[in-house]
file input_26.cif (mmCIF, N, CA and C atoms)
data_entry
#
loop_
_atom_site.label_atom_id
_atom_site.label_comp_id
_atom_site.auth_asym_id
_atom_site.auth_seq_id
_atom_site.Cartn_x
_atom_site.Cartn_y
_atom_site.Cartn_z
N MET G 1 103.00 110.89 98.56
CA MET G 1 103.54 110.15 99.68
C MET G 1 104.47 111.00 100.51
N GLY G 2 105.06 112.00 99.89
CA GLY G 2 105.97 112.86 100.62
C GLY G 2 105.30 113.57 101.78
N ALA G 3 104.08 114.07 101.54
CA ALA G 3 103.35 114.77 102.60
C ALA G 3 102.97 113.80 103.72
N ALA G 4 102.58 112.59 103.35
CA ALA G 4 102.23 111.58 104.35
C ALA G 4 103.45 111.21 105.19
N ARG G 5 104.58 111.07 104.55
CA ARG G 5 105.83 110.77 105.28
C ARG G 5 106.21 111.92 106.20
N ALA G 6 106.08 113.14 105.70
CA ALA G 6 106.41 114.31 106.51
C ALA G 6 105.51 114.41 107.74
N ALA G 7 104.29 113.88 107.63
CA ALA G 7 103.35 113.88 108.75
C ALA G 7 103.54 112.65 109.64
N SER G 8 104.57 111.87 109.39
CA SER G 8 104.92 110.67 110.15
C SER G 8 103.90 109.55 110.01
N PHE G 9 103.17 109.51 108.90
CA PHE G 9 102.26 108.40 108.63
C PHE G 9 103.07 107.19 108.20
N LEU G 10 102.68 106.02 108.66
CA LEU G 10 103.24 104.78 108.15
C LEU G 10 102.42 104.39 106.93
N ILE G 11 103.09 103.88 105.92
CA ILE G 11 102.41 103.57 104.66
C ILE G 11 102.63 102.10 104.34
N THR G 12 101.53 101.42 104.08
CA THR G 12 101.61 99.99 103.77
C THR G 12 100.86 99.68 102.50
N LEU G 13 101.08 98.50 102.00
CA LEU G 13 100.32 97.98 100.87
C LEU G 13 99.75 96.65 101.28
N GLY G 14 98.43 96.55 101.25
CA GLY G 14 97.73 95.30 101.50
C GLY G 14 96.97 94.97 100.23
N THR G 15 97.37 93.96 99.52
CA THR G 15 96.82 93.68 98.20
C THR G 15 96.45 92.23 98.02
N GLY G 16 95.51 92.00 97.15
CA GLY G 16 95.12 90.65 96.80
C GLY G 16 96.05 90.02 95.78
N SER G 17 97.09 90.72 95.39
CA SER G 17 98.07 90.18 94.44
C SER G 17 99.06 89.28 95.16
N GLY G 18 99.67 88.39 94.39
CA GLY G 18 100.67 87.48 94.93
C GLY G 18 102.06 88.09 94.90
N HIS G 19 103.00 87.39 95.51
CA HIS G 19 104.38 87.89 95.62
C HIS G 19 105.01 88.21 94.27
N ASP G 20 104.78 87.37 93.26
CA ASP G 20 105.38 87.61 91.95
C ASP G 20 104.91 88.92 91.35
N THR G 21 103.61 89.17 91.42
CA THR G 21 103.06 90.41 90.87
C THR G 21 103.53 91.61 91.67
N ILE G 22 103.51 91.48 92.99
CA ILE G 22 103.97 92.57 93.85
C ILE G 22 105.43 92.91 93.55
N ALA G 23 106.26 91.89 93.47
CA ALA G 23 107.68 92.12 93.20
C ALA G 23 107.87 92.78 91.83
N TYR G 24 107.16 92.31 90.85
CA TYR G 24 107.30 92.88 89.51
C TYR G 24 106.96 94.36 89.51
N ILE G 25 105.86 94.71 90.12
CA ILE G 25 105.42 96.11 90.12
C ILE G 25 106.27 96.97 91.05
N LEU G 26 106.39 96.57 92.31
CA LEU G 26 107.11 97.41 93.27
C LEU G 26 108.60 97.52 92.99
N ASP G 27 109.21 96.41 92.62
CA ASP G 27 110.65 96.43 92.39
C ASP G 27 111.00 96.99 91.01
N HIS G 28 110.22 96.62 90.02
CA HIS G 28 110.47 97.10 88.66
C HIS G 28 110.31 98.62 88.57
N LEU G 29 109.35 99.15 89.31
CA LEU G 29 109.10 100.60 89.29
C LEU G 29 109.75 101.33 90.46
N ASP G 30 110.55 100.61 91.25
CA ASP G 30 111.26 101.18 92.40
C ASP G 30 110.30 101.87 93.37
N LEU G 31 109.21 101.17 93.71
CA LEU G 31 108.21 101.71 94.63
C LEU G 31 108.27 101.10 96.03
N ARG G 32 108.92 99.97 96.18
CA ARG G 32 108.92 99.28 97.47
C ARG G 32 109.43 100.17 98.60
N ARG G 33 110.36 101.04 98.30
CA ARG G 33 110.96 101.90 99.32
C ARG G 33 109.96 102.85 99.97
N TYR G 34 108.79 103.03 99.34
CA TYR G 34 107.78 103.92 99.89
C TYR G 34 106.89 103.25 100.94
N PHE G 35 107.00 101.95 101.10
CA PHE G 35 106.11 101.21 101.98
C PHE G 35 106.86 100.66 103.19
N ASP G 36 106.25 100.81 104.35
CA ASP G 36 106.81 100.26 105.58
C ASP G 36 106.55 98.76 105.66
N VAL G 37 105.42 98.32 105.14
CA VAL G 37 105.02 96.92 105.16
C VAL G 37 104.27 96.63 103.86
N VAL G 38 104.51 95.44 103.31
CA VAL G 38 103.76 94.98 102.13
C VAL G 38 103.22 93.60 102.46
N VAL G 39 101.90 93.42 102.30
CA VAL G 39 101.24 92.14 102.56
C VAL G 39 100.39 91.80 101.35
N GLY G 40 100.55 90.58 100.86
CA GLY G 40 99.77 90.13 99.72
C GLY G 40 99.04 88.84 100.03
N LYS G 41 98.37 88.31 99.01
CA LYS G 41 97.54 87.12 99.22
C LYS G 41 98.35 85.91 99.67
N ASP G 42 99.63 85.87 99.35
CA ASP G 42 100.47 84.74 99.76
C ASP G 42 100.84 84.79 101.24
N ASP G 43 100.53 85.90 101.90
CA ASP G 43 100.88 86.08 103.31
C ASP G 43 99.74 85.81 104.27
N VAL G 44 98.56 85.50 103.74
CA VAL G 44 97.37 85.36 104.58
C VAL G 44 96.58 84.13 104.19
N PRO G 45 95.79 83.59 105.15
CA PRO G 45 94.98 82.42 104.83
C PRO G 45 93.79 82.72 103.92
N LYS G 46 93.18 83.91 104.08
CA LYS G 46 92.01 84.26 103.28
C LYS G 46 92.16 85.68 102.75
N VAL G 47 91.67 85.89 101.52
CA VAL G 47 91.76 87.21 100.90
C VAL G 47 90.46 87.98 101.09
N LYS G 48 90.45 89.19 100.62
CA LYS G 48 89.28 90.06 100.73
C LYS G 48 88.05 89.37 100.14
N PRO G 49 86.91 89.45 100.79
CA PRO G 49 86.46 90.39 101.80
C PRO G 49 86.81 89.99 103.24
N HIS G 50 87.56 88.92 103.43
CA HIS G 50 88.02 88.57 104.78
C HIS G 50 89.05 89.62 105.21
N PRO G 51 89.16 89.89 106.47
CA PRO G 51 90.01 90.98 106.95
C PRO G 51 91.50 90.64 107.05
N ASP G 52 91.88 89.42 106.73
CA ASP G 52 93.24 88.96 107.01
C ASP G 52 94.35 89.87 106.48
N ILE G 53 94.22 90.35 105.26
CA ILE G 53 95.28 91.20 104.69
C ILE G 53 95.48 92.43 105.55
N TYR G 54 94.39 93.01 106.00
CA TYR G 54 94.50 94.23 106.81
C TYR G 54 94.91 93.95 108.24
N THR G 55 94.43 92.87 108.83
CA THR G 55 94.83 92.57 110.21
C THR G 55 96.31 92.19 110.28
N VAL G 56 96.79 91.44 109.30
CA VAL G 56 98.21 91.07 109.27
C VAL G 56 99.07 92.33 109.07
N THR G 57 98.61 93.22 108.21
CA THR G 57 99.35 94.47 107.98
C THR G 57 99.46 95.27 109.28
N ALA G 58 98.34 95.40 110.01
CA ALA G 58 98.37 96.13 111.28
C ALA G 58 99.30 95.45 112.28
N GLN G 59 99.24 94.12 112.33
CA GLN G 59 100.11 93.38 113.24
C GLN G 59 101.58 93.64 112.92
N LYS G 60 101.93 93.63 111.64
CA LYS G 60 103.32 93.86 111.24
C LYS G 60 103.77 95.27 111.58
N LEU G 61 102.84 96.21 111.57
CA LEU G 61 103.17 97.58 111.95
C LEU G 61 103.23 97.75 113.46
N GLY G 62 102.57 96.82 114.18
CA GLY G 62 102.48 96.95 115.63
C GLY G 62 101.47 98.01 116.05
N ILE G 63 100.43 98.18 115.22
CA ILE G 63 99.42 99.21 115.47
C ILE G 63 98.05 98.54 115.56
N PRO G 64 97.22 98.95 116.51
CA PRO G 64 95.87 98.39 116.59
C PRO G 64 95.07 98.74 115.33
N PRO G 65 94.22 97.83 114.87
CA PRO G 65 93.44 98.08 113.64
C PRO G 65 92.65 99.38 113.67
N GLU G 66 92.12 99.74 114.82
CA GLU G 66 91.30 100.96 114.89
C GLU G 66 92.12 102.23 114.65
N GLN G 67 93.45 102.11 114.64
CA GLN G 67 94.30 103.26 114.34
C GLN G 67 94.77 103.26 112.89
N CYS G 68 94.25 102.33 112.10
CA CYS G 68 94.64 102.22 110.69
C CYS G 68 93.56 102.79 109.79
N LEU G 69 93.96 103.26 108.65
CA LEU G 69 93.05 103.78 107.64
C LEU G 69 93.38 103.09 106.32
N VAL G 70 92.35 102.58 105.68
CA VAL G 70 92.51 101.87 104.41
C VAL G 70 92.05 102.77 103.27
N PHE G 71 92.81 102.79 102.20
CA PHE G 71 92.39 103.41 100.95
C PHE G 71 92.01 102.26 100.03
N GLU G 72 90.78 102.27 99.56
CA GLU G 72 90.28 101.10 98.84
C GLU G 72 89.47 101.52 97.62
N ASP G 73 89.64 100.77 96.53
CA ASP G 73 88.89 101.09 95.30
C ASP G 73 87.86 100.02 94.94
N ALA G 74 87.63 99.07 95.84
CA ALA G 74 86.67 98.01 95.57
C ALA G 74 85.84 97.71 96.82
N LEU G 75 84.61 97.29 96.61
CA LEU G 75 83.72 97.02 97.74
C LEU G 75 84.21 95.87 98.60
N LEU G 76 84.78 94.84 97.99
CA LEU G 76 85.27 93.72 98.80
C LEU G 76 86.39 94.18 99.72
N GLY G 77 87.23 95.07 99.25
CA GLY G 77 88.28 95.61 100.09
C GLY G 77 87.74 96.52 101.18
N GLU G 78 86.72 97.31 100.84
CA GLU G 78 86.09 98.16 101.84
C GLU G 78 85.47 97.30 102.94
N GLN G 79 84.81 96.22 102.54
CA GLN G 79 84.21 95.32 103.51
C GLN G 79 85.28 94.66 104.38
N ALA G 80 86.40 94.29 103.78
CA ALA G 80 87.51 93.70 104.54
C ALA G 80 88.04 94.69 105.57
N ALA G 81 88.13 95.96 105.19
CA ALA G 81 88.60 96.99 106.12
C ALA G 81 87.66 97.08 107.32
N TYR G 82 86.35 97.09 107.07
CA TYR G 82 85.40 97.20 108.17
C TYR G 82 85.43 95.95 109.04
N ARG G 83 85.61 94.79 108.44
CA ARG G 83 85.71 93.56 109.22
C ARG G 83 86.96 93.57 110.10
N ALA G 84 87.99 94.27 109.65
CA ALA G 84 89.22 94.38 110.44
C ALA G 84 89.11 95.45 111.52
N GLY G 85 88.02 96.22 111.52
CA GLY G 85 87.84 97.28 112.49
C GLY G 85 88.52 98.58 112.08
N MET G 86 88.75 98.73 110.78
CA MET G 86 89.43 99.92 110.26
C MET G 86 88.45 100.81 109.51
N ARG G 87 88.81 102.06 109.43
CA ARG G 87 88.03 102.99 108.62
C ARG G 87 88.62 103.03 107.22
N CYS G 88 87.84 103.60 106.29
CA CYS G 88 88.22 103.50 104.88
C CYS G 88 87.95 104.80 104.14
N ILE G 89 88.81 105.11 103.21
CA ILE G 89 88.58 106.17 102.23
C ILE G 89 88.46 105.47 100.88
N GLY G 90 87.40 105.77 100.17
CA GLY G 90 87.20 105.18 98.86
C GLY G 90 88.02 105.91 97.81
N VAL G 91 88.59 105.14 96.89
CA VAL G 91 89.33 105.71 95.76
C VAL G 91 88.53 105.34 94.51
N ARG G 92 88.10 106.37 93.81
CA ARG G 92 87.23 106.17 92.66
C ARG G 92 88.06 105.77 91.44
N THR G 93 88.02 104.49 91.13
CA THR G 93 88.66 104.00 89.91
C THR G 93 87.56 103.44 89.02
N ILE G 94 87.04 102.26 89.38
CA ILE G 94 85.95 101.68 88.60
C ILE G 94 84.59 101.91 89.24
N LEU G 95 84.57 102.31 90.50
CA LEU G 95 83.32 102.55 91.21
C LEU G 95 83.02 104.05 91.30
N GLU G 96 81.75 104.36 91.38
CA GLU G 96 81.32 105.72 91.65
C GLU G 96 81.30 105.92 93.17
N ALA G 97 81.30 107.15 93.61
CA ALA G 97 81.28 107.45 95.04
C ALA G 97 80.09 106.81 95.73
N THR G 98 78.96 106.78 95.06
CA THR G 98 77.74 106.22 95.66
C THR G 98 77.75 104.71 95.75
N ASP G 99 78.70 104.05 95.12
CA ASP G 99 78.79 102.59 95.17
C ASP G 99 79.38 102.09 96.49
N PHE G 100 80.16 102.91 97.15
CA PHE G 100 80.79 102.51 98.40
C PHE G 100 79.76 102.48 99.53
N GLN G 101 80.05 101.70 100.56
CA GLN G 101 79.13 101.58 101.68
C GLN G 101 79.19 102.80 102.60
N ALA G 102 80.33 103.05 103.21
CA ALA G 102 80.40 104.10 104.23
C ALA G 102 81.81 104.66 104.39
N PRO G 103 82.46 105.06 103.31
CA PRO G 103 83.81 105.60 103.45
C PRO G 103 83.81 106.96 104.13
N LEU G 104 84.94 107.33 104.69
CA LEU G 104 85.07 108.66 105.29
C LEU G 104 84.88 109.73 104.23
N THR G 105 85.37 109.45 103.05
CA THR G 105 85.20 110.29 101.86
C THR G 105 85.59 109.43 100.67
N VAL G 106 85.36 109.94 99.48
CA VAL G 106 85.77 109.26 98.26
C VAL G 106 86.60 110.27 97.46
N ILE G 107 87.75 109.82 97.00
CA ILE G 107 88.65 110.69 96.25
C ILE G 107 88.88 110.13 94.85
N PRO G 108 89.13 111.00 93.87
CA PRO G 108 89.44 110.51 92.53
C PRO G 108 90.87 110.00 92.42
N ASP G 109 91.75 110.57 93.25
CA ASP G 109 93.15 110.16 93.29
C ASP G 109 93.78 110.76 94.54
N PHE G 110 95.03 110.50 94.77
CA PHE G 110 95.66 110.90 96.02
C PHE G 110 96.11 112.36 96.04
N THR G 111 95.94 113.07 94.93
CA THR G 111 96.32 114.48 94.92
C THR G 111 95.26 115.35 95.59
N HIS G 112 94.11 114.78 95.91
CA HIS G 112 93.00 115.54 96.48
C HIS G 112 92.88 115.40 97.99
N LEU G 113 93.94 114.97 98.63
CA LEU G 113 93.87 114.72 100.06
C LEU G 113 95.17 115.11 100.73
N THR G 114 95.06 115.79 101.85
CA THR G 114 96.24 116.18 102.63
C THR G 114 96.26 115.39 103.93
N PRO G 115 97.41 115.27 104.56
CA PRO G 115 97.44 114.61 105.87
C PRO G 115 96.53 115.29 106.88
N GLU G 116 96.45 116.61 106.82
CA GLU G 116 95.57 117.34 107.74
C GLU G 116 94.11 116.93 107.54
N ARG G 117 93.70 116.81 106.28
CA ARG G 117 92.32 116.41 106.00
C ARG G 117 92.07 114.97 106.46
N VAL G 118 93.03 114.10 106.30
CA VAL G 118 92.90 112.72 106.78
C VAL G 118 92.66 112.72 108.28
N LEU G 119 93.44 113.49 109.01
CA LEU G 119 93.27 113.54 110.46
C LEU G 119 91.90 114.11 110.85
N GLU G 120 91.43 115.11 110.12
CA GLU G 120 90.09 115.65 110.36
C GLU G 120 89.02 114.58 110.16
N LEU G 121 89.12 113.85 109.06
CA LEU G 121 88.14 112.80 108.76
C LEU G 121 88.14 111.72 109.84
N LEU G 122 89.31 111.37 110.32
CA LEU G 122 89.40 110.36 111.38
C LEU G 122 88.75 110.85 112.66
N GLN G 123 88.91 112.12 112.97
CA GLN G 123 88.28 112.69 114.16
C GLN G 123 86.76 112.78 114.02
N GLU G 124 86.29 112.98 112.79
CA GLU G 124 84.85 113.06 112.54
C GLU G 124 84.18 111.68 112.61
N HIS G 125 84.94 110.63 112.35
CA HIS G 125 84.41 109.26 112.31
C HIS G 125 85.30 108.39 113.17
N LEU G 126 84.96 108.30 114.45
CA LEU G 126 85.84 107.63 115.40
C LEU G 126 85.80 106.11 115.33
N GLU G 127 84.76 105.53 114.76
CA GLU G 127 84.65 104.07 114.70
C GLU G 127 84.41 103.60 113.27
N ALA G 128 84.88 102.41 113.00
CA ALA G 128 84.64 101.80 111.70
C ALA G 128 83.19 101.31 111.63
N PRO G 129 82.56 101.45 110.47
CA PRO G 129 81.20 100.90 110.34
C PRO G 129 81.23 99.38 110.29
N LYS G 130 80.11 98.79 110.51
CA LYS G 130 79.98 97.34 110.37
C LYS G 130 79.85 97.03 108.88
N PRO G 131 80.44 95.94 108.42
CA PRO G 131 80.34 95.61 106.99
C PRO G 131 78.92 95.23 106.60
N ASP G 132 78.53 95.63 105.42
CA ASP G 132 77.23 95.27 104.84
C ASP G 132 77.46 94.02 104.00
N LYS G 133 77.09 92.88 104.53
CA LYS G 133 77.35 91.61 103.86
C LYS G 133 76.65 91.50 102.51
N GLN G 134 75.46 92.08 102.41
CA GLN G 134 74.73 92.02 101.15
C GLN G 134 75.43 92.84 100.07
N LEU G 135 75.98 93.98 100.45
CA LEU G 135 76.69 94.83 99.51
C LEU G 135 77.92 94.10 98.98
N ALA G 136 78.67 93.47 99.86
CA ALA G 136 79.86 92.71 99.45
C ALA G 136 79.47 91.55 98.55
N LYS G 137 78.36 90.89 98.87
CA LYS G 137 77.91 89.76 98.06
C LYS G 137 77.54 90.21 96.65
N ARG G 138 76.84 91.35 96.54
CA ARG G 138 76.46 91.87 95.23
C ARG G 138 77.71 92.20 94.40
N GLN G 139 78.70 92.81 95.04
CA GLN G 139 79.93 93.16 94.33
C GLN G 139 80.66 91.89 93.87
N TYR G 140 80.70 90.90 94.73
CA TYR G 140 81.38 89.65 94.40
C TYR G 140 80.70 88.98 93.21
N MET G 141 79.37 89.02 93.18
CA MET G 141 78.62 88.39 92.10
C MET G 141 78.82 89.14 90.78
N ARG G 142 79.02 90.47 90.85
CA ARG G 142 79.24 91.27 89.65
C ARG G 142 80.63 91.04 89.09
N GLY G 143 81.55 90.79 90.01
CA GLY G 143 82.83 90.79 89.67
C GLY G 143 83.92 90.18 89.22
#
call {"tool": "encode", "arguments": {"input": "input_26.cif", "output": "structure tokens"}}
result
Amino acid sequence: MGAARAASFLITLGTGSGHDTIAYILDHLDLRRYFDVVVGKDDVPKVKPHPDIYTVTAQKLGIPPEQCLVFEDALLGEQAAYRAGMRCIGVRTILEATDFQAPLTVIPDFTHLTPERVLELLQEHLEAPKPDKQLAKRQYMRG
């Protein structure tokens, strides 16, 4: 996060978790200070794959969705990002790189990405893809 901060990136958390879980994790581990905005399921009418978490996050930042980048480890979240008009980088936790629809890239963790590389990827992919509804449906049914 230090490199992202040094590059003047704003950092947010948009999660399907509720306020109690968010508070327990962020406050207990002293992580809240790293985020400019935190939005959870209690802050939005609909959760992923609906775009609400991401659109509310962008609104709170005062940034248009097309200028936001989502890091996501699940297909429903990736689909929510595309529905919000945002681009996405896949984070390989439970999914393989080939499971994602159309991320800018897929990383195993955040140590494999620099702010410079993020900016390059954004320049290479100027628009968010359209969500694949069938892909999201398959993930939801598995999940």
call {"tool": "resolve_selection", "arguments": {"input": "input_26.cif", "expression": "the PyMOL selection byres (((chain G and resi 70-78 and name CA) around 6) and name CA)", "output": "list in words"}}
result
Lys48, Pro49, Leu69, Gln79, Ala80, Ala81, Cys88, Ile89, Gly90, Val91, Arg92 and Ala136 of chain G
call {"tool": "atom_distance", "arguments": {"input": "input_26.cif", "atom1": "atom N of G:Lys46", "atom2": "atom C of G:Pro131"}}
result
18.4 Å
call {"tool": "resolve_selection", "arguments": {"input": "input_26.cif", "expression": "the PyMOL selection byres (((chain G and resi 17 and name CA) around 9) and name CA)", "output": "list in words"}}
result
Gly14, Thr15, Gly16, Gly18, His19, Asp20, Thr21, Ile22, Val39, Gly40, Lys41 and Asp42 of chain G
call {"tool": "write_last_selection", "arguments": {"input": "input_26.cif", "atoms": "N, CA and C atoms", "output": "PDB file, in the coordinates of the input"}}
result
ATOM      1  N   GLY G  14      98.430  96.550 101.250  1.00  0.00           N
ATOM      2  CA  GLY G  14      97.730  95.300 101.500  1.00  0.00           C
ATOM      3  C   GLY G  14      96.970  94.970 100.230  1.00  0.00           C
ATOM      4  N   THR G  15      97.370  93.960  99.520  1.00  0.00           N
ATOM      5  CA  THR G  15      96.820  93.680  98.200  1.00  0.00           C
ATOM      6  C   THR G  15      96.450  92.230  98.020  1.00  0.00           C
ATOM      7  N   GLY G  16      95.510  92.000  97.150  1.00  0.00           N
ATOM      8  CA  GLY G  16      95.120  90.650  96.800  1.00  0.00           C
ATOM      9  C   GLY G  16      96.050  90.020  95.780  1.00  0.00           C
ATOM     10  N   GLY G  18      99.670  88.390  94.390  1.00  0.00           N
ATOM     11  CA  GLY G  18     100.670  87.480  94.930  1.00  0.00           C
ATOM     12  C   GLY G  18     102.060  88.090  94.900  1.00  0.00           C
ATOM     13  N   HIS G  19     103.000  87.390  95.510  1.00  0.00           N
ATOM     14  CA  HIS G  19     104.380  87.890  95.620  1.00  0.00           C
ATOM     15  C   HIS G  19     105.010  88.210  94.270  1.00  0.00           C
ATOM     16  N   ASP G  20     104.780  87.370  93.260  1.00  0.00           N
ATOM     17  CA  ASP G  20     105.380  87.610  91.950  1.00  0.00           C
ATOM     18  C   ASP G  20     104.910  88.920  91.350  1.00  0.00           C
ATOM     19  N   THR G  21     103.610  89.170  91.420  1.00  0.00           N
ATOM     20  CA  THR G  21     103.060  90.410  90.870  1.00  0.00           C
ATOM     21  C   THR G  21     103.530  91.610  91.670  1.00  0.00           C
ATOM     22  N   ILE G  22     103.510  91.480  92.990  1.00  0.00           N
ATOM     23  CA  ILE G  22     103.970  92.570  93.850  1.00  0.00           C
ATOM     24  C   ILE G  22     105.430  92.910  93.550  1.00  0.00           C
ATOM     25  N   VAL G  39     101.900  93.420 102.300  1.00  0.00           N
ATOM     26  CA  VAL G  39     101.240  92.140 102.560  1.00  0.00           C
ATOM     27  C   VAL G  39     100.390  91.800 101.350  1.00  0.00           C
ATOM     28  N   GLY G  40     100.550  90.580 100.860  1.00  0.00           N
ATOM     29  CA  GLY G  40      99.770  90.130  99.720  1.00  0.00           C
ATOM     30  C   GLY G  40      99.040  88.840 100.030  1.00  0.00           C
ATOM     31  N   LYS G  41      98.370  88.310  99.010  1.00  0.00           N
ATOM     32  CA  LYS G  41      97.540  87.120  99.220  1.00  0.00           C
ATOM     33  C   LYS G  41      98.350  85.910  99.670  1.00  0.00           C
ATOM     34  N   ASP G  42      99.630  85.870  99.350  1.00  0.00           N
ATOM     35  CA  ASP G  42     100.470  84.740  99.760  1.00  0.00           C
ATOM     36  C   ASP G  42     100.840  84.790 101.240  1.00  0.00           C
TER      37      ASP G  42
END
call {"tool": "closest_residue", "arguments": {"input": "input_26.cif", "among": "G:Cys68, G:Ala58, G:Ile25, G:Ile53", "to": "G:Gly85", "atoms": "all atoms listed in the file"}}
result
G:Cys68
call {"tool": "closest_residue", "arguments": {"input": "input_26.cif", "among": "G:Pro108, G:Pro51, G:Pro115, G:Pro65", "to": "G:Met86", "atoms": "all atoms listed in the file"}}
result
G:Pro65
call {"tool": "closest_residue", "arguments": {"input": "input_26.cif", "among": "G:Ala102, G:Ala7, G:Val44, G:Leu95", "to": "G:Leu119", "atoms": "only C-alpha atoms"}}
result
G:Ala7
call {"tool": "atom_distance", "arguments": {"input": "input_26.cif", "atom1": "atom CA of G:Arg32", "atom2": "atom CA of G:Pro64"}}
result
23.2 Å
call {"tool": "select_by_dssp", "arguments": {"input": "input_26.cif", "residues": "chain G", "states": "strand (DSSP E or B)", "output": "NGL selection string"}}
result
:G and (12-14 or 37-39 or 69-72 or 87-91 or 106-107)
call {"tool": "resolve_selection", "arguments": {"input": "input_26.cif", "expression": "the PyMOL selection byres (((chain G and resi 114 and name CA) around 12) and name CA)", "output": "PyMOL selection string"}}
result
chain G and resi 1-7+9+107+109-113+115-121
call {"tool": "atom_distance", "arguments": {"input": "input_26.cif", "atom1": "atom CA of G:Thr55", "atom2": "atom C of G:Arg83"}}
result
7.9 Å
call {"tool": "select_by_dssp", "arguments": {"input": "input_26.cif", "residues": "chain G", "states": "helix (DSSP H, G or I)", "output": "PyMOL selection string"}}
result
chain G and resi 2-6+19-28+32-34+41-43+52-61+65-67+75-83+97-99+110-112+115-124+133-142
call {"tool": "decode", "arguments": {"input": "input_26.cif", "residues": "stretch 83-95 of chain G", "atoms": "C-alpha atoms", "output": "CSV table (one decimal), in the first residue's frame"}}
result
chain,number,residue,atom,x,y,z
G,83,ARG,CA,-21.7,-3.5,-14.2
G,84,ALA,CA,-20.4,-0.4,-12.4
G,85,GLY,CA,-18.3,0.5,-15.5
G,86,MET,CA,-15.0,-0.2,-13.8
G,87,ARG,CA,-12.0,-2.3,-14.9
G,88,CYS,CA,-10.8,-5.2,-12.8
G,89,ILE,CA,-7.6,-7.0,-11.8
G,90,GLY,CA,-8.2,-10.5,-10.7
G,91,VAL,CA,-6.6,-11.7,-7.5
G,92,ARG,CA,-6.0,-15.5,-7.5
G,93,THR,CA,-7.2,-16.9,-4.2
G,94,ILE,CA,-9.8,-19.6,-4.8
G,95,LEU,CA,-10.0,-19.1,-8.6
